[in-house]
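Asks: Just passing along the structure, written as structure tokens.
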Amino acid sequence: MKQVRLGIAGLGTVAQGVLSIISMNGGKIRDRSGIELKVTRVSSRTAKPEVDLLGAKFSQDLSDLVADDVDIVLELIGGEDVARNLIEAALDANKPVVTANKALIATYGNDLLSSNVNVPIKFEAAVAGAIPIIQAIQDALICNDFHQVVGIINGTCNYILTAMEEEDQPFATALSNAQALGYAEADPTFDIEGVDAAHKLTILAGLAFDTPFELEQVYVEGITKITALDIEYAAELGYRIKHVGVAKVVGAEVEARVHPALLPSGALLANVNGVANAVVVRSDAAGQTLFSGPGAGGMATASSVLGDVVALARSGESRDGGARSKTRYIEIGEVICSNYLRIPVRDKPGVFAQVANTMSEHDISIEAAIQKEPVAGSAFVDIVIVTHAVAESVMERAVATLREKLGELEVSQGDISRIRIETLE
Ligand SMILES: NC(=O)c1ccc[n+]([C@@H]2O[C@H](COP(=O)([O-])OP(=O)(O)OC[C@H]3O[C@@H](n4cnc5c(N)ncnc54)[C@H](OP(=O)(O)O)[C@@H]3O)[C@@H](O)[C@H]2O)c1
């Protein structure tokens, strides 16, 4: 029997989940692993007398966690500067760290992982909550060459898109429902603008492709421009709209992007709904593997935090060992994708031909097209087209030309909506 003493920073959703799991399942963890988890210290900004600290000493000073009676420090406060200082202090004092902080790892992970290389830092909970995707990439699938990692890695976006599709909720209603249910923050910007997913994809791409974490190389687009019409037309064409993170190897380079995408409606990922997360990994030996589960929530996230704690306590392993070599990340303009375009226009003869001609001038082939009948009494229609795969820069130029031409014809009725299509192949 080995006792491992934990110092927990923070007393919020995830930290309380950690305390609850130890209280509920501490005995099982001990029986299975031979490790007794003992919380000796908790430090956080605000005391919460209603929370059972399992006998730990409480203080409001985070530096109290780097103490002799703490073996592993759990950083569960979030944010960047204070969290980074705490982690550095813990590593300097030879104390392994477990964190759920994706923003911190995506931004400062390279520095943290390359300093104090003999003291481990683990961050399973930073990506996709309860899903053990980091362990899968670093341990279970370690013998594979990874080709692609594609995932729904932001539960807030997935909840909103699912509510828009299944319950016909407008974006604003779906967002405020997500907030009321605790699935979205009061300030939801990081989630709905794709930043949170970019943090997670940065980590996944770095681990899968042995590159440093390169947040600034990830192309980021959120879901705020997706409309009910796009969801309806996508369904008619056999797709569902999801917010995805895509990281893949193209030749000797890496492509990493987060944005809404049309997924074939029969694809596994297309059927992951609500706040759930899922990640599909493609690799040479294992082929395609799918991981899905809760992407957030106190208990679900704490499950990953404590998985890391037990792994550390069991093996005392050194950190990820990654020899990370700089690889070129592909500029978004060079990325090749099929596209969905919704072009709202005045219902006049010749407009569809203009759209088709413009695509052809840019060497873009149209795979499918729908021209909707105008609603009774309306002079407007949507032209919806699906293109074959084409470079982003070409597509952007074609859309710009189309805007210009439709403007000259005075038939434009709102902006063109463009959403990339992921065939997941
Ligand atoms: N919640 C999830 O579902 C989830 C999922 C995956 C990853 N994560 C990550 O887990 C971490 C914690 O998230 P959470 O949801 O538990 O956050 P939270 O509920 O806001 O809790 C944060 C806790 O840290 C304390 N704190 C914040 N800044 C502090 C500071 N400068 N000094 C001392 N204490 C400080 C807060 O004190 P106050 O009580 O005074 O505010 C609060 O107790 C974040 O990195 C987050 O990204 C969360």
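Each chain of the structure tokens is named A, B, ... in the order shown, its residues numbered from 1; ligands are numbered from 1 in display order.
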Based on DSSP run over this structure's backbone, return all residues of region 78-259 of chain A in alpha helix (DSSP H), as a PyMOL selection string.
Replies: chain A and resi 81-92+102-114+133-135+155-166+171-180+189-192+195-209+228-236
Asks: Taking only C-alpha atoms and all ligand atoms into account, list the residues no farther than 7 Å from ligand 1, as number ranges by chain.
Replies: A: 9-15, 43-46, 60, 62, 76-79, 82, 100-103, 125-129, 295-298, 301
Asks: Could you find all residues in region 115-356 of chain A that DSSP calls strand (DSSP E or B) from the backbone, and write them as a PyMOL selection string?
Replies: chain A and resi 121-122+146-152+219-220+239-250+253-264+276-283+287-294+329+336-346
Asks: When you draw a straight line from CA of Glu367 (chain A) to CA of Ala398 (chain A), how long is it in Å?
Replies: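 Taking CA of Glu367 (chain A) and CA of Ala398 (chain A), their separation equals 15.7 Å.
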Asks: Please provide as a short mmCIF file (atom, residue, chain, number, x, y, z; two decimals) with C-alpha atoms, in the first residue's frame all residues within 8 Å of Arg418 (chain A), with the sequence filter that same-chain residues fewer than 2 positions apart are discarded (counting only C-alpha atoms).
Replies:
data_model
loop_
_atom_site.label_atom_id
_atom_site.label_comp_id
_atom_site.auth_asym_id
_atom_site.auth_seq_id
_atom_site.Cartn_x
_atom_site.Cartn_y
_atom_site.Cartn_z
CA ASN A 339 -17.34 23.41 -49.77
CA TYR A 340 -20.99 24.10 -49.17
CA LEU A 341 -22.14 27.52 -50.39
CA ARG A 342 -25.49 29.13 -49.66
CA ILE A 416 -22.78 34.13 -49.01
CA ARG A 420 -16.19 23.40 -45.41
#
Asks: Which one of A:Tyr159, A:Val280, A:Leu269, A:Thr189 sits closest to Leu204 (chain A) if you count only C-alpha atoms?
Replies: A:Val280
Asks: I'd like the neighbourhood of Val275 (chain A) as a CSV table (one decimal) with C-alpha atoms, in the first residue's frame, where a residue qualifies if any of its atoms comes within 7 Å (using only C-alpha atoms), though same-chain residues fewer than 2 positions away should be ignored.
Replies:
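Printed below is around-v4.csv as written:
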chain,number,residue,atom,x,y,z
A,155,GLY,CA,-19.3,20.4,-25.9
A,156,THR,CA,-20.8,23.9,-26.0
A,158,ASN,CA,-22.0,20.7,-30.1
A,159,TYR,CA,-24.9,21.3,-27.7
A,273,ASN,CA,-24.9,15.0,-30.2
A,277,ASN,CA,-17.3,15.0,-27.4
A,294,PRO,CA,-18.5,13.6,-21.8
A,295,GLY,CA,-16.2,16.4,-22.8
Asks: Excluding Leu74 (chain A) and its own-chain neighbours fewer than 2 positions away, which residues fall within 7 Å of it when counting only C-alpha atoms? Please give them as a list of chain:residue names.
Replies: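 Final neighbour list, sorted by chain and number: A:Gly7, A:Ile8, A:Ala9, A:Ile72, A:Leu76, A:Val97, A:Val98, A:Thr99.
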Asks: What's around Glu392 (chain A) at 10 Å? Count only C-alpha atoms, leave out sequence neighbours fewer than 3 positions away in its own chain, and write the answer as a ChimeraX atom specification.
Replies: /A:331-339,389,395-398,420
